[in-house]
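One file, run.tsv, carrying TSV, C-alpha atoms and all ligand atoms:
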```tsv
chain	number	residue	atom	x	y	z
A	1	MET	CA	-12.15	11.26	-14.67
A	2	SER	CA	-10.98	9.25	-11.69
A	3	GLU	CA	-12.56	5.98	-10.81
A	4	PHE	CA	-12.11	2.96	-8.61
A	5	ILE	CA	-10.51	-0.04	-10.30
A	6	LYS	CA	-11.02	-3.61	-9.11
A	7	ALA	CA	-7.65	-4.64	-7.60
A	8	CYS	CA	-8.05	-8.10	-6.03
A	9	PRO	CA	-10.28	-10.21	-3.78
A	10	THR	CA	-10.05	-9.24	-0.11
A	11	SER	CA	-9.11	-12.86	0.66
A	12	GLN	CA	-5.78	-12.32	-1.14
A	13	VAL	CA	-4.66	-9.63	1.31
A	14	LYS	CA	-4.03	-11.42	4.56
A	15	GLU	CA	-4.37	-9.72	7.91
A	16	GLY	CA	-1.12	-7.88	8.74
A	17	GLU	CA	0.35	-8.33	5.27
A	18	GLY	CA	0.76	-6.50	2.02
A	19	LYS	CA	0.01	-7.49	-1.56
A	20	LEU	CA	1.35	-6.06	-4.79
A	21	VAL	CA	-1.07	-5.25	-7.57
A	22	SER	CA	-0.58	-3.31	-10.77
A	23	ILE	CA	-3.33	-0.83	-11.51
A	24	GLU	CA	-3.16	0.99	-14.81
A	25	GLY	CA	0.61	0.42	-14.78
A	26	VAL	CA	1.05	1.77	-11.26
A	27	PRO	CA	2.62	-0.64	-8.73
A	28	VAL	CA	0.38	-0.49	-5.67
A	29	ALA	CA	0.88	-2.10	-2.27
A	30	ILE	CA	-2.42	-3.01	-0.65
A	31	PHE	CA	-2.41	-3.62	3.09
A	32	ASN	CA	-4.82	-5.19	5.53
A	33	VAL	CA	-4.45	-3.93	9.08
A	34	ASN	CA	-7.13	-5.21	11.46
A	35	GLY	CA	-9.45	-5.80	8.53
A	36	GLU	CA	-9.01	-2.28	7.21
A	37	TYR	CA	-7.61	-2.05	3.71
A	38	SER	CA	-5.35	0.71	2.43
A	39	ALA	CA	-3.13	1.32	-0.58
A	40	ILE	CA	0.13	3.19	-1.17
A	41	HIS	CA	2.67	3.31	-3.98
A	42	ASN	CA	4.77	0.16	-3.79
A	43	LEU	CA	8.22	1.63	-4.42
A	44	CYS	CA	10.21	2.95	-1.48
A	45	THR	CA	11.37	6.53	-2.01
A	46	HIS	CA	14.86	5.60	-0.78
A	47	GLN	CA	16.05	3.04	-3.33
A	48	GLY	CA	12.87	1.54	-4.73
A	49	ALA	CA	12.37	-1.57	-2.61
A	50	PRO	CA	8.91	-3.20	-2.73
A	51	LEU	CA	7.00	-1.95	0.30
A	52	CYS	CA	4.42	-4.73	-0.09
A	53	GLU	CA	7.07	-7.08	1.35
A	54	GLY	CA	7.74	-4.99	4.44
A	55	HIS	CA	6.88	-5.84	8.01
A	56	ILE	CA	3.84	-4.02	9.37
A	57	ASP	CA	3.71	-2.72	12.91
A	58	ASP	CA	1.46	-0.13	14.50
A	59	GLY	CA	0.00	1.01	11.17
A	60	LYS	CA	3.38	1.45	9.54
A	61	VAL	CA	5.24	-0.71	7.04
A	62	ALA	CA	9.01	-0.97	7.36
A	63	CYS	CA	10.86	-1.08	4.05
A	64	PRO	CA	12.38	-4.55	3.62
A	65	TRP	CA	15.76	-3.15	2.54
A	66	HIS	CA	16.79	-0.45	5.03
A	67	GLY	CA	13.80	-0.06	7.32
A	68	TRP	CA	12.38	3.34	6.43
A	69	GLU	CA	8.82	3.44	7.73
A	70	PHE	CA	5.71	4.51	5.88
A	71	ASP	CA	2.16	4.91	7.17
A	72	VAL	CA	0.11	2.25	5.36
A	73	LYS	CA	-2.83	4.67	4.99
A	74	THR	CA	-1.22	8.02	4.22
A	75	GLY	CA	2.17	6.98	2.81
A	76	GLU	CA	3.83	9.36	5.24
A	77	CYS	CA	7.53	8.66	5.86
A	78	GLN	CA	9.51	9.61	8.95
A	79	PHE	CA	11.82	11.66	6.72
A	80	PRO	CA	10.67	14.96	5.23
A	81	ASN	CA	9.66	14.96	1.56
A	82	LYS	CA	10.03	11.18	1.29
A	83	ASN	CA	6.36	10.19	1.48
A	84	VAL	CA	4.94	7.74	-1.02
A	85	LYS	CA	1.58	8.38	-2.66
A	86	SER	CA	-1.51	6.99	-1.02
A	87	PHE	CA	-4.61	5.94	-2.89
A	88	ASP	CA	-8.31	5.84	-2.05
A	89	VAL	CA	-9.62	2.35	-1.35
A	90	LYS	CA	-13.07	0.83	-1.07
A	91	VAL	CA	-14.30	-2.69	-0.49
A	92	GLU	CA	-17.32	-4.02	-2.31
A	93	ASP	CA	-18.57	-7.58	-2.72
A	94	ASP	CA	-15.36	-8.98	-1.17
A	95	TYR	CA	-13.12	-7.12	-3.61
A	96	VAL	CA	-10.69	-4.31	-2.97
A	97	PHE	CA	-11.02	-1.35	-5.33
A	98	VAL	CA	-8.33	1.32	-5.68
A	99	LYS	CA	-8.38	4.74	-7.27
A	100	VAL	CA	-4.93	5.53	-8.68
A	101	LYS	CA	-5.80	8.81	-10.40
B	201	LIG	S1	15.08	1.07	-0.24
B	201	LIG	FE1	13.61	1.45	1.31
B	201	LIG	S2	14.75	2.13	3.00
B	201	LIG	FE2	16.23	1.80	1.44
```

Translate this structure into structure tokens?
Ligand code: FES
Amino acid sequence: MSEFIKACPTSQVKEGEGKLVSIEGVPVAIFNVNGEYSAIHNLCTHQGAPLCEGHIDDGKVACPWHGWEFDVKTGECQFPNKNVKSFDVKVEDDYVFVKVK
């Protein structure tokens, strides 16, 4: 049964930045773009860099190592079959909740 898990307070995910959280052993990058929160798998499908440390522009995060870009909401990559997983997110009582399963 899938359920939302409390990830972190919204105040810990600054506007235009990413934050790494571990949810049930899954490394998840949470992003805040214009006050909208989203979550994708943290590890780049190229060589495993932490996407939470990437620069965000126009709804996409650029991998800090070699610049592959991923949509912060859908995990879609510009290369075929290289998407990262995206996760459902909700905000309640100033906390971000993520569903990893
Ligand atoms: S590790 Fe992400 S682009 Fe190379």

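Taking CA of Gly16 in chain A and CA of Asp71 in chain A as the two end points, the separation is 13.3 Å.
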
| said: Show me which residues line ligand LIG 201 (chain B), defined as having an atom within 12 Å of a ligand atom where all atoms listed in the file count, and present them as a ChimeraX atom specification. | reply: /A:42-55,61-70,77-79,82-84

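With CA of Asn34 in chain A on one side and CA of Tyr95 in chain A on the other, the separation reads 16.3 Å.
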
| task | Skip Glu3 in chain A itself and residues of its chain fewer than 5 positions away, then list as a list of chain:residue names all residues within 9 Å of it, counting only C-alpha atoms. | result | A:Val98, A:Lys99, A:Val100, A:Lys101

| field | Residue with smallest distance to Gly35 in chain A - pool A:Ser2, A:Lys85, A:Val96, A:Pro80, counting all atoms listed in the file | value | A:Val96

| message | Counting all atoms listed in the file, I want the residues whose atoms come within 12 Å of (-2.0, -0.2, -15.2) in the file frame, returned as an MDAnalysis selection string. | response | chainID A and resid 5:7 21:28 98:101

Could those selected residues go to a file with C-alpha atoms, as an mmCIF file, in the coordinates of the input?
```
data_model
loop_
_atom_site.group_PDB
_atom_site.id
_atom_site.type_symbol
_atom_site.label_atom_id
_atom_site.label_comp_id
_atom_site.auth_asym_id
_atom_site.auth_seq_id
_atom_site.Cartn_x
_atom_site.Cartn_y
_atom_site.Cartn_z
ATOM 1 C CA ILE A 5 -10.510 -0.040 -10.300
ATOM 2 C CA LYS A 6 -11.020 -3.610 -9.110
ATOM 3 C CA ALA A 7 -7.650 -4.640 -7.600
ATOM 4 C CA VAL A 21 -1.070 -5.250 -7.570
ATOM 5 C CA SER A 22 -0.580 -3.310 -10.770
ATOM 6 C CA ILE A 23 -3.330 -0.830 -11.510
ATOM 7 C CA GLU A 24 -3.160 0.990 -14.810
ATOM 8 C CA GLY A 25 0.610 0.420 -14.780
ATOM 9 C CA VAL A 26 1.050 1.770 -11.260
ATOM 10 C CA PRO A 27 2.620 -0.640 -8.730
ATOM 11 C CA VAL A 28 0.380 -0.490 -5.670
ATOM 12 C CA VAL A 98 -8.330 1.320 -5.680
ATOM 13 C CA LYS A 99 -8.380 4.740 -7.270
ATOM 14 C CA VAL A 100 -4.930 5.530 -8.680
ATOM 15 C CA LYS A 101 -5.800 8.810 -10.400
#
```

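Distances to Asp57 in chain A were evaluated for A:Pro9, A:Glu17, A:Ser38, A:Ala29 using all atoms listed in the file, and the minimum falls at A:Glu17.
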